[in-house]
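See below for query19.cif, which holds mmCIF, C-alpha atoms.
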data_start
#
loop_
_atom_site.label_atom_id
_atom_site.label_comp_id
_atom_site.auth_asym_id
_atom_site.auth_seq_id
_atom_site.Cartn_x
_atom_site.Cartn_y
_atom_site.Cartn_z
CA MET R 143 25.70 -3.94 -44.85
CA ILE R 144 28.12 -6.83 -44.22
CA ARG R 145 25.29 -9.33 -43.66
CA ARG R 146 23.61 -8.19 -46.87
CA GLN R 147 26.88 -8.67 -48.79
CA ALA R 148 27.23 -12.17 -47.30
CA LEU R 149 23.73 -13.07 -48.53
CA LEU R 150 24.38 -11.48 -51.93
CA ALA R 151 27.56 -13.54 -52.26
CA LEU R 152 25.61 -16.70 -51.44
CA ALA R 153 23.16 -15.91 -54.23
CA ALA R 154 25.95 -15.24 -56.74
CA ASN R 155 27.78 -18.40 -55.66
CA ARG R 156 24.86 -20.55 -56.79
CA THR R 157 26.13 -20.06 -60.34
CA PRO R 158 29.16 -22.41 -60.61
CA GLY R 159 32.50 -21.07 -61.78
CA TYR R 160 33.89 -18.71 -59.14
CA HIS R 161 34.05 -18.96 -55.32
CA TYR R 162 32.42 -17.54 -52.23
CA PRO R 163 35.47 -15.58 -50.92
CA GLY R 164 35.68 -13.67 -54.22
CA TYR R 165 31.98 -12.86 -54.23
CA LEU R 166 32.03 -11.78 -50.58
CA LEU R 167 34.88 -9.34 -51.18
CA GLY R 168 33.51 -8.19 -54.55
CA CYS R 169 36.71 -9.05 -56.46
CA HIS R 170 36.08 -8.46 -60.15
CA TRP R 171 37.81 -7.90 -63.50
CA PRO R 172 37.16 -4.50 -65.11
CA ARG R 173 39.47 -5.39 -68.01
CA ILE R 174 40.60 -8.67 -69.56
CA GLY R 175 43.18 -8.39 -72.35
CA LYS R 176 44.88 -10.98 -74.53
CA HIS R 177 47.93 -11.37 -72.30
CA ASP R 178 47.18 -9.15 -69.30
CA LEU R 179 44.30 -7.96 -67.13
CA ASP R 180 43.16 -5.75 -64.27
CA ALA R 181 41.43 -7.07 -61.14
CA VAL R 182 39.95 -4.98 -58.33
CA LEU R 183 39.29 -5.45 -54.62
CA PRO R 184 36.72 -2.80 -53.56
CA ASP R 185 37.16 -1.01 -50.26
CA GLY R 186 34.32 -2.76 -48.43
CA PRO R 187 33.82 -3.13 -44.66
CA GLN R 188 33.63 -6.92 -44.99
CA GLY R 189 37.30 -7.08 -46.03
CA ARG R 190 38.91 -4.50 -43.73
CA ASN R 191 40.73 -4.66 -40.41
CA VAL R 192 39.77 -2.32 -37.57
CA ASP R 193 42.46 0.17 -38.66
CA GLY R 194 40.80 0.56 -42.07
CA ALA R 195 43.47 -1.33 -44.02
CA ALA R 196 42.63 -4.36 -46.13
CA ASN R 197 42.94 -7.62 -44.25
CA LEU R 198 45.95 -9.63 -45.44
CA ALA R 199 43.68 -12.54 -46.37
CA SER R 200 41.47 -10.22 -48.45
CA PHE R 201 44.55 -8.83 -50.17
CA SER R 202 45.90 -12.32 -50.81
CA ILE R 203 42.65 -13.42 -52.45
CA LEU R 204 42.88 -10.47 -54.86
CA LEU R 205 46.50 -11.35 -55.60
CA ASP R 206 45.74 -15.00 -56.30
CA VAL R 207 42.65 -14.17 -58.36
CA ALA R 208 44.62 -11.72 -60.53
CA LEU R 209 47.64 -13.96 -61.10
CA ALA R 210 45.55 -17.10 -61.64
CA THR R 211 43.37 -15.28 -64.17
CA ALA R 212 46.47 -14.22 -66.11
CA ALA R 213 47.52 -17.87 -66.18
CA ARG R 214 44.10 -18.78 -67.65
CA LEU R 215 44.21 -16.43 -70.61
CA GLU R 216 45.36 -19.11 -73.05
CA VAL R 217 43.53 -22.18 -71.69
CA GLU R 218 40.01 -23.44 -72.34
CA ARG R 219 37.01 -21.94 -70.59
CA GLY R 220 36.37 -23.31 -67.13
CA ALA R 221 39.68 -25.20 -66.84
CA ARG R 222 40.87 -26.04 -63.34
CA GLN R 223 44.19 -24.63 -62.23
CA ALA R 224 46.19 -25.15 -59.07
CA THR R 225 48.63 -22.67 -57.58
CA VAL R 226 52.17 -24.06 -57.41
CA HIS R 227 54.09 -21.08 -56.00
CA LEU R 228 53.39 -17.45 -55.09
CA HIS R 229 55.85 -14.73 -54.14
CA ALA R 230 54.97 -11.20 -53.02
CA GLN R 231 57.36 -8.34 -52.26
CA PHE R 232 55.75 -5.41 -50.45
CA THR R 233 56.78 -1.78 -50.88
CA GLY R 234 55.58 -0.54 -47.48
CA VAL R 235 52.68 1.46 -48.93
CA PRO R 236 49.59 0.75 -46.77
CA LEU R 237 46.85 -1.54 -48.12
CA ARG R 238 44.20 1.17 -47.97
CA GLY R 239 41.29 2.06 -50.19
CA GLU R 240 40.38 0.21 -53.36
CA LEU R 241 43.17 -2.12 -54.46
CA ARG R 242 43.83 -2.78 -58.14
CA ALA R 243 46.01 -5.55 -59.51
CA HIS R 244 47.57 -5.63 -62.97
CA ALA R 245 48.75 -9.12 -63.97
CA CYS R 246 50.50 -10.50 -67.07
CA LEU R 247 51.07 -13.93 -68.54
CA ASP R 248 54.81 -14.40 -69.13
CA GLY R 249 54.81 -17.86 -70.71
CA TYR R 250 55.31 -21.49 -69.75
CA THR R 251 57.98 -23.74 -68.33
CA THR R 252 59.55 -26.43 -70.52
CA GLY R 253 61.54 -29.62 -70.03
CA ALA R 254 59.35 -31.17 -67.32
CA ALA R 255 56.43 -33.57 -67.37
CA ALA R 256 54.01 -30.89 -66.13
CA ARG R 257 53.89 -27.49 -67.84
CA GLN R 258 53.52 -24.50 -65.52
CA SER R 259 52.16 -21.07 -66.42
CA MET R 260 54.41 -18.21 -65.29
CA VAL R 261 52.83 -14.86 -64.39
CA HIS R 262 53.72 -11.60 -62.68
CA GLY R 263 51.76 -8.64 -61.39
CA THR R 264 51.65 -5.46 -59.33
CA VAL R 265 49.00 -4.38 -56.85
CA PHE R 266 48.26 -0.67 -56.48
CA ALA R 267 46.52 1.49 -53.88
CA GLY R 268 45.58 4.50 -55.96
CA ASP R 269 48.66 5.17 -58.10
CA ALA R 270 51.12 3.75 -55.56
CA PRO R 271 52.37 0.16 -55.91
CA VAL R 272 51.91 -1.79 -52.68
CA CYS R 273 53.22 -5.15 -53.88
CA HIS R 274 55.12 -6.78 -56.74
CA ALA R 275 54.33 -10.45 -57.20
CA SER R 276 54.92 -13.54 -59.31
CA GLY R 277 53.47 -17.02 -59.43
CA THR R 278 53.29 -20.34 -61.21
CA PHE R 279 50.19 -22.41 -61.89
CA ILE R 280 49.46 -25.87 -63.25
CA GLN R 281 46.39 -27.18 -65.03
CA LEU R 282 44.74 -30.16 -63.32
CA PRO R 283 41.69 -32.33 -63.99
CA PRO R 284 38.69 -31.60 -61.75
CA PRO R 285 38.01 -33.87 -58.77
CA PRO R 286 35.80 -36.90 -59.50
CA GLY R 287 32.18 -35.93 -60.00
CA VAL R 288 32.91 -32.20 -60.36
CA THR R 289 32.07 -30.39 -63.60
CA LEU R 290 33.69 -26.98 -63.87
CA ALA R 291 31.81 -24.03 -65.30
CA PRO R 292 33.31 -20.91 -66.90
CA LEU R 293 34.52 -18.11 -64.65
CA PRO R 294 32.42 -14.92 -64.48
CA TRP R 295 34.53 -13.06 -67.04
CA GLN R 296 34.17 -16.01 -69.46
CA ARG R 297 30.36 -15.99 -69.36
CA GLU R 298 27.93 -14.20 -71.61
CA GLY R 299 24.83 -12.44 -70.42
CA ASN R 300 25.45 -12.43 -66.66
CA VAL R 301 22.20 -11.80 -64.80
CA PRO R 302 22.31 -9.59 -61.67
CA VAL R 303 21.36 -11.39 -58.46
CA ALA R 304 19.55 -10.27 -55.33
CA PRO R 305 20.56 -11.24 -51.79
CA LEU R 306 19.04 -14.49 -50.62
CA LYS R 307 16.53 -14.44 -47.79
CA PRO R 308 17.31 -16.64 -44.77
CA HIS R 309 14.39 -19.00 -45.46
CA GLU R 310 15.76 -19.62 -48.98
CA LEU R 311 19.11 -20.94 -47.80
CA GLN R 312 20.34 -24.48 -48.34
CA PRO R 313 22.20 -26.28 -45.48
CA GLU R 314 25.73 -25.19 -46.51
CA GLU R 315 24.49 -21.65 -47.08
CA ARG R 316 22.90 -21.59 -43.62
CA ALA R 317 26.30 -22.58 -42.20
CA VAL R 318 27.87 -19.56 -43.90
CA LEU R 319 25.17 -17.25 -42.53
CA ARG R 320 25.68 -18.65 -39.02
CA ALA R 321 29.42 -17.96 -39.32
CA CYS R 322 28.63 -14.44 -40.56
CA ASN R 323 26.25 -13.72 -37.69
CA ALA R 324 28.74 -15.07 -35.14
CA ALA R 325 31.55 -12.96 -36.60
CA LEU R 326 29.38 -9.83 -36.51
CA ARG R 327 28.57 -10.46 -32.84
CA ARG R 328 32.22 -10.97 -31.92
CA ALA R 329 33.66 -8.05 -33.89
CA ASP R 330 34.97 -5.24 -31.70
CA ASP R 331 37.56 -2.47 -31.72
CA LYS R 332 40.41 -5.02 -31.69
CA HIS R 333 39.33 -7.62 -34.23
CA ALA R 334 37.17 -6.93 -37.28
CA PHE R 335 34.40 -9.05 -38.73
CA ILE R 336 36.64 -10.68 -41.35
CA GLU R 337 39.14 -11.93 -38.76
CA HIS R 338 36.40 -13.83 -36.95
CA PHE R 339 34.68 -14.94 -40.16
CA TRP R 340 37.80 -16.64 -41.52
CA GLY R 341 39.25 -17.54 -38.12
CA THR R 342 42.47 -15.53 -38.49
CA LEU R 343 43.15 -15.02 -34.77
CA PRO R 344 46.61 -16.49 -34.05
CA SER R 345 47.97 -17.06 -30.56
CA PRO R 346 51.62 -16.41 -29.55
CA THR R 347 54.02 -19.24 -28.76
CA GLU R 348 57.52 -19.15 -27.28
CA SER R 349 59.17 -18.88 -30.71
CA GLY R 350 56.34 -17.72 -32.94
CA SER R 351 52.58 -18.20 -33.22
CA ARG R 352 49.91 -20.72 -34.12
CA CYS R 353 46.37 -20.66 -35.41
CA THR R 354 43.68 -23.28 -35.81
CA VAL R 355 41.11 -22.40 -38.46
CA LYS R 356 37.81 -24.29 -38.34
CA LEU R 357 36.86 -24.70 -41.99
CA GLY R 358 33.46 -23.99 -43.49
CA PRO R 359 31.94 -23.30 -46.92
CA GLN R 360 33.03 -19.65 -46.56
CA HIS R 361 36.65 -20.75 -47.11
CA ALA R 362 36.06 -22.83 -50.23
CA ASN R 363 37.04 -22.46 -53.86
CA ARG R 364 34.91 -23.82 -56.69
CA VAL R 365 35.92 -27.45 -56.09
CA GLY R 366 35.42 -27.31 -52.32
CA HIS R 367 39.04 -26.86 -51.19
CA VAL R 368 40.31 -23.82 -49.29
CA GLN R 369 40.78 -21.00 -51.82
CA GLY R 370 44.47 -20.59 -52.68
CA GLY R 371 44.77 -16.88 -51.94
CA LEU R 372 42.97 -17.36 -48.64
CA LEU R 373 45.50 -20.07 -47.72
CA LEU R 374 48.31 -17.59 -48.34
CA GLY R 375 46.53 -14.93 -46.29
CA LEU R 376 45.96 -17.24 -43.32
CA ALA R 377 49.66 -18.12 -43.35
CA ALA R 378 50.72 -14.47 -43.71
CA ILE R 379 48.60 -13.34 -40.77
CA THR R 380 49.94 -16.10 -38.54
CA ALA R 381 53.51 -15.38 -39.65
CA ARG R 382 53.15 -11.68 -38.92
CA ALA R 383 51.95 -12.52 -35.40
CA ALA R 384 55.12 -14.59 -34.95
CA ALA R 385 57.30 -11.48 -35.36
CA PRO R 386 55.70 -8.85 -33.07
CA LYS R 387 58.84 -6.68 -33.00
CA HIS R 388 58.81 -6.52 -36.81
CA PRO R 389 55.19 -5.71 -37.71
CA GLN R 390 55.66 -4.86 -41.40
CA LEU R 391 55.43 -7.81 -43.78
CA SER R 392 58.24 -7.26 -46.27
CA GLY R 393 58.13 -10.37 -48.47
CA ILE R 394 56.52 -13.78 -48.56
CA SER R 395 56.97 -16.94 -50.63
CA ALA R 396 54.57 -19.87 -50.52
CA TRP R 397 54.82 -23.37 -51.98
CA TYR R 398 51.53 -25.24 -52.43
CA ILE R 399 51.76 -28.96 -51.67
CA SER R 400 48.23 -30.36 -51.29
CA PRO R 401 44.66 -29.02 -50.97
CA GLY R 402 43.39 -27.47 -47.76
CA GLN R 403 40.37 -29.52 -46.78
CA GLY R 404 38.64 -31.35 -43.95
CA ARG R 405 37.54 -30.02 -40.56
CA ALA R 406 40.31 -27.54 -39.84
CA LEU R 407 43.70 -26.12 -40.74
CA LYS R 408 46.58 -26.14 -38.27
CA ILE R 409 48.98 -23.25 -38.87
CA ALA R 410 52.33 -22.96 -37.06
CA SER R 411 54.82 -20.12 -37.53
CA LYS R 412 58.33 -20.08 -36.07
CA ARG R 413 60.94 -17.32 -36.14
CA PHE R 414 64.32 -18.50 -37.34
CA HIS R 415 65.90 -15.03 -37.40
CA ASP R 416 65.07 -12.14 -35.07
CA GLY R 417 67.44 -9.26 -35.77
CA ARG R 418 67.40 -5.55 -35.13
CA SER R 419 65.89 -4.59 -38.50
CA PHE R 420 64.42 -7.82 -39.85
CA ALA R 421 62.88 -11.09 -38.74
CA ALA R 422 62.41 -14.25 -40.81
CA VAL R 423 59.62 -16.74 -40.20
CA ARG R 424 58.83 -20.21 -41.47
CA THR R 425 55.16 -21.22 -41.54
CA GLU R 426 53.60 -24.64 -42.07
CA VAL R 427 49.93 -25.14 -42.87
CA ARG R 428 48.54 -28.64 -42.34
CA ASN R 429 45.14 -30.25 -42.52
CA ALA R 430 43.65 -31.71 -39.34
CA ASP R 431 44.87 -35.17 -40.42
CA GLY R 432 48.46 -33.90 -40.48
CA SER R 433 48.88 -33.72 -44.25
CA ARG R 434 51.03 -30.79 -45.33
CA VAL R 435 49.20 -28.10 -47.33
CA LEU R 436 51.50 -25.08 -47.60
CA GLU R 437 55.13 -24.20 -46.82
CA VAL R 438 55.85 -20.50 -46.38
CA VAL R 439 58.89 -18.34 -45.68
CA SER R 440 58.37 -14.67 -44.90
CA HIS R 441 60.49 -11.60 -44.14
CA HIS R 442 59.36 -8.93 -41.68
CA ALA R 443 60.67 -5.40 -41.07
CA ALA R 444 60.72 -3.33 -37.89
#

As C-alpha cells, how would this structure be written, given the file I've shared?
Amino acid sequence: MIRRQALLALAANRTPGYHYPGYLLGCHWPRIGKHDLDAVLPDGPQGRNVDGAANLASFSILLDVALATAARLEVERGARQATVHLHAQFTGVPLRGELRAHACLDGYTTGAAARQSMVHGTVFAGDAPVCHASGTFIQLPPPPGVTLAPLPWQREGNVPVAPLKPHELQPEERAVLRACNAALRRADDKHAFIEHFWGTLPSPTESGSRCTVKLGPQHANRVGHVQGGLLLGLAAITARAAAPKHPQLSGISAWYISPGQGRALKIASKRFHDGRSFAAVRTEVRNADGSRVLEVVSHHAA
C-alpha cells in the first residue's frame, strides 16, 4: 500500500504546482473560502509512526500547507511564497487519526520594505484541538528558469492519475522509488517507514541530539528546495530527541533564513534548560556547505 502511494504521488507530481511530500501524504483542501480554509491529512500508513500517531514531519507539512494556503488567498494564482516564521502550541491531545486544519488570513504587515502575510490556524484530531498555530509568509519571485503553475485547488478540471509503473520512471523518480524501497526494507517495530524515508533518525549527544538528513527529490517543494513544513518537522523530531526526559513537545517556534538544498541537512539540537517539568531546546538546521537554513526554539514537557 505504501509503495503504491509513493508511485501515485510520483504520477501526481508530474503536474507542476504542488510538491511530492504533500502528494505522498495525501494532504488536500476539502474547502477553500474567501479568507479561510480547511486542509486535511488522512490517516495513512505512509505518514504514521510505529505507535500509530502521525509523524511530526507529516503533521508539520499539513500545518505549513494550511497556513501557507491561507496566506495565498489574496495573491495571484501560482505565486511563490516563502515561510518567514511558524509557531505552534500543542494542547497535549495525541496526533491520531485524520488531522484537519482550519486556517485564516489575518492581514498584512506594514511599514517595512517587504510585506508579510499574517495567518493563524488550529489543527484538530476529531473534534479535539491538538495545536494552535500562527505564521508569516512573504511573496518571492521564482528561481531563475522556474515557471510556477497554479496549486491543485486553483486548477480547473483536475484529471485523476494512476500510479506510475517502475519502467515509466524518470531518473529523479527512480531515486524516490529507491528511497521508498530502502525505507520499507528498514522499517521495523521501532522506526516506521516515514522515519527512514525522510531520514528522521537523530542520534543523542552529550547535551542534545543531532541528525544528518541525506536529501533527495522526496524532500522537495515545487522549486526544488526542502519543503518548509518538512524542515520544521525534521527540526522538531531532532529537538524532541534532545530532551528524552521531557517527551511531549509543548511549543515550537521556527525562523526561516535560507532554503534547504544541496546534498544534506545538518541538524543540531542542544538543551539550554532541563528542569523538573520542562526542558527548552535550541535547534539549528544548516546545509552541507554550512549555510544556516532554520533557527528553532522549542519547549518540552515531562

**Request:** Please evaluate the PyMOL selection byres ((chain R and resi 365) around 10) against the structure above and give the resulting residues as number ranges by chain.
**Result:** R: 158-161, 222, 284-285, 288-290, 362-364, 366-369

**Message:** At a cut-off of 10 Å, using only C-alpha atoms, what residues contact region 228-237 of chain R? Leave out same-chain residues fewer than 6 positions from it and give the result as a ChimeraX atom specification.
**Reply:** /R:185,190,194-198,201-202,205-206,209,261-268,270-279,370-371,374,390-398,438-441,443

Specify the axis-aligned box that encloses all atoms of region 364-379 of chain R listed in the file after padding of 4 Å on each side, stating its centre and edge lengths in Å to one decimal as JSON.
{"center_x": 42.8, "center_y": -20.4, "center_z": -48.7, "size_x": 23.8, "size_y": 22.1, "size_z": 23.9}

**Item:** Ground truth for the PyMOL selection byres ((chain R and resi 319-332) around 9), written as number ranges by chain
**Value:** R: 144-145, 148-149, 152, 191-193, 308, 311, 314-318, 333-340, 358, 360

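Distances here use all atoms listed in the file; by that measure, the residue among R:Arg297, R:Lys356, R:His177, R:Arg434 closest to Arg405 (chain R) is R:Lys356.
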
**Fill in**
CA of Ala406 (chain R) sits from CA of Ile280 (chain R) at a separation of 25.2 Å

Given the file shown, enumerate the residues that the PyMOL selection byres ((chain R and resi 423) around 12) captures and present them as a CSV table (one decimal) with C-alpha atoms, keeping the file's coordinate frame.
chain,number,residue,atom,x,y,z
R,349,SER,CA,59.2,-18.9,-30.7
R,350,GLY,CA,56.3,-17.7,-32.9
R,351,SER,CA,52.6,-18.2,-33.2
R,377,ALA,CA,49.7,-18.1,-43.4
R,378,ALA,CA,50.7,-14.5,-43.7
R,379,ILE,CA,48.6,-13.3,-40.8
R,380,THR,CA,49.9,-16.1,-38.5
R,381,ALA,CA,53.5,-15.4,-39.6
R,382,ARG,CA,53.2,-11.7,-38.9
R,383,ALA,CA,52.0,-12.5,-35.4
R,384,ALA,CA,55.1,-14.6,-35.0
R,385,ALA,CA,57.3,-11.5,-35.4
R,386,PRO,CA,55.7,-8.8,-33.1
R,388,HIS,CA,58.8,-6.5,-36.8
R,391,LEU,CA,55.4,-7.8,-43.8
R,392,SER,CA,58.2,-7.3,-46.3
R,393,GLY,CA,58.1,-10.4,-48.5
R,394,ILE,CA,56.5,-13.8,-48.6
R,395,SER,CA,57.0,-16.9,-50.6
R,396,ALA,CA,54.6,-19.9,-50.5
R,410,ALA,CA,52.3,-23.0,-37.1
R,411,SER,CA,54.8,-20.1,-37.5
R,412,LYS,CA,58.3,-20.1,-36.1
R,413,ARG,CA,60.9,-17.3,-36.1
R,414,PHE,CA,64.3,-18.5,-37.3
R,415,HIS,CA,65.9,-15.0,-37.4
R,416,ASP,CA,65.1,-12.1,-35.1
R,417,GLY,CA,67.4,-9.3,-35.8
R,420,PHE,CA,64.4,-7.8,-39.8
R,421,ALA,CA,62.9,-11.1,-38.7
R,422,ALA,CA,62.4,-14.2,-40.8
R,424,ARG,CA,58.8,-20.2,-41.5
R,425,THR,CA,55.2,-21.2,-41.5
R,426,GLU,CA,53.6,-24.6,-42.1
R,437,GLU,CA,55.1,-24.2,-46.8
R,438,VAL,CA,55.8,-20.5,-46.4
R,439,VAL,CA,58.9,-18.3,-45.7
R,440,SER,CA,58.4,-14.7,-44.9
R,441,HIS,CA,60.5,-11.6,-44.1
R,442,HIS,CA,59.4,-8.9,-41.7
R,443,ALA,CA,60.7,-5.4,-41.1

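Coordinates place CA of Gly186 (chain R) at a distance of 22.5 Å from CA of Ala210 (chain R).
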
**Request:** Would you be able to write out as a VMD selection string which residues have an atom within 10 Å of (43.6, -13.6, -62.6) in the file's coordinates, counting all atoms listed in the file?
**Result:** chain R and resid 170 to 171 174 178 to 181 204 to 215 243 to 247 261 263

**Message:** Need the shell around Gly402 (chain R): protein/DNA/RNA residues with any atom at most 8 Å away, counting all atoms listed in the file. Skip same-chain ones fewer than 2 positions apart. Format as a list of chain:residue names?
**Reply:** R:His367, R:Val368, R:Leu373, R:Ser400, R:Gly404, R:Leu407, R:Arg428, R:Asn429, R:Val435

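You will find CA of Arg257 (chain R) at 25.1 Å from CA of Gln403 (chain R).
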
Please return region 316-326 of chain R, rebuilt to all heavy atoms, as a short mmCIF file (atom, residue, chain, number, x, y, z; two decimals), keeping the file's coordinate frame.
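Result file follows (result_23.cif):
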data_model
loop_
_atom_site.label_atom_id
_atom_site.label_comp_id
_atom_site.auth_asym_id
_atom_site.auth_seq_id
_atom_site.Cartn_x
_atom_site.Cartn_y
_atom_site.Cartn_z
N ARG R 316 23.26 -21.95 -45.00
CA ARG R 316 22.90 -21.59 -43.62
C ARG R 316 24.13 -21.62 -42.72
O ARG R 316 24.26 -20.80 -41.79
CB ARG R 316 21.82 -22.53 -43.09
CG ARG R 316 20.44 -22.26 -43.67
CD ARG R 316 19.34 -22.91 -42.82
NE ARG R 316 19.41 -24.37 -42.88
CZ ARG R 316 18.79 -25.11 -43.80
NH1 ARG R 316 18.06 -24.52 -44.74
NH2 ARG R 316 18.89 -26.43 -43.77
N ALA R 317 25.06 -22.53 -42.99
CA ALA R 317 26.30 -22.58 -42.20
C ALA R 317 27.11 -21.31 -42.40
O ALA R 317 27.71 -20.78 -41.45
CB ALA R 317 27.11 -23.81 -42.59
N VAL R 318 27.15 -20.81 -43.62
CA VAL R 318 27.87 -19.56 -43.90
C VAL R 318 27.20 -18.39 -43.17
O VAL R 318 27.88 -17.55 -42.57
CB VAL R 318 27.94 -19.30 -45.41
CG1 VAL R 318 28.54 -17.91 -45.68
CG2 VAL R 318 28.77 -20.36 -46.10
N LEU R 319 25.88 -18.34 -43.22
CA LEU R 319 25.17 -17.25 -42.53
C LEU R 319 25.39 -17.32 -41.02
O LEU R 319 25.55 -16.28 -40.37
CB LEU R 319 23.68 -17.28 -42.88
CG LEU R 319 22.86 -16.13 -42.29
CD1 LEU R 319 23.39 -14.77 -42.78
CD2 LEU R 319 21.38 -16.28 -42.62
N ARG R 320 25.40 -18.53 -40.46
CA ARG R 320 25.68 -18.65 -39.02
C ARG R 320 27.07 -18.13 -38.69
O ARG R 320 27.27 -17.42 -37.68
CB ARG R 320 25.55 -20.11 -38.58
CG ARG R 320 24.12 -20.61 -38.46
CD ARG R 320 24.05 -21.91 -37.68
NE ARG R 320 24.80 -22.99 -38.33
CZ ARG R 320 24.28 -23.82 -39.23
NH1 ARG R 320 23.02 -23.68 -39.62
NH2 ARG R 320 25.02 -24.78 -39.76
N ALA R 321 28.06 -18.46 -39.54
CA ALA R 321 29.42 -17.96 -39.32
C ALA R 321 29.46 -16.43 -39.44
O ALA R 321 30.17 -15.75 -38.69
CB ALA R 321 30.38 -18.59 -40.32
N CYS R 322 28.69 -15.90 -40.39
CA CYS R 322 28.63 -14.44 -40.56
C CYS R 322 28.02 -13.78 -39.33
O CYS R 322 28.56 -12.81 -38.80
CB CYS R 322 27.81 -14.12 -41.81
SG CYS R 322 27.45 -12.36 -42.04
N ASN R 323 26.91 -14.30 -38.87
CA ASN R 323 26.25 -13.72 -37.69
C ASN R 323 27.15 -13.79 -36.46
O ASN R 323 27.24 -12.84 -35.67
CB ASN R 323 24.93 -14.44 -37.42
CG ASN R 323 23.88 -14.14 -38.48
OD1 ASN R 323 23.95 -13.12 -39.17
ND2 ASN R 323 22.91 -15.02 -38.62
N ALA R 324 27.84 -14.93 -36.29
CA ALA R 324 28.74 -15.07 -35.14
C ALA R 324 29.89 -14.08 -35.23
O ALA R 324 30.29 -13.47 -34.22
CB ALA R 324 29.26 -16.50 -35.07
N ALA R 325 30.44 -13.90 -36.43
CA ALA R 325 31.55 -12.96 -36.60
C ALA R 325 31.11 -11.52 -36.35
O ALA R 325 31.86 -10.72 -35.76
CB ALA R 325 32.13 -13.10 -38.00
N LEU R 326 29.90 -11.18 -36.76
CA LEU R 326 29.38 -9.83 -36.51
C LEU R 326 29.19 -9.59 -35.02
O LEU R 326 29.48 -8.49 -34.52
CB LEU R 326 28.07 -9.62 -37.25
CG LEU R 326 28.17 -9.46 -38.77
CD1 LEU R 326 26.79 -9.52 -39.42
CD2 LEU R 326 28.86 -8.14 -39.13
#
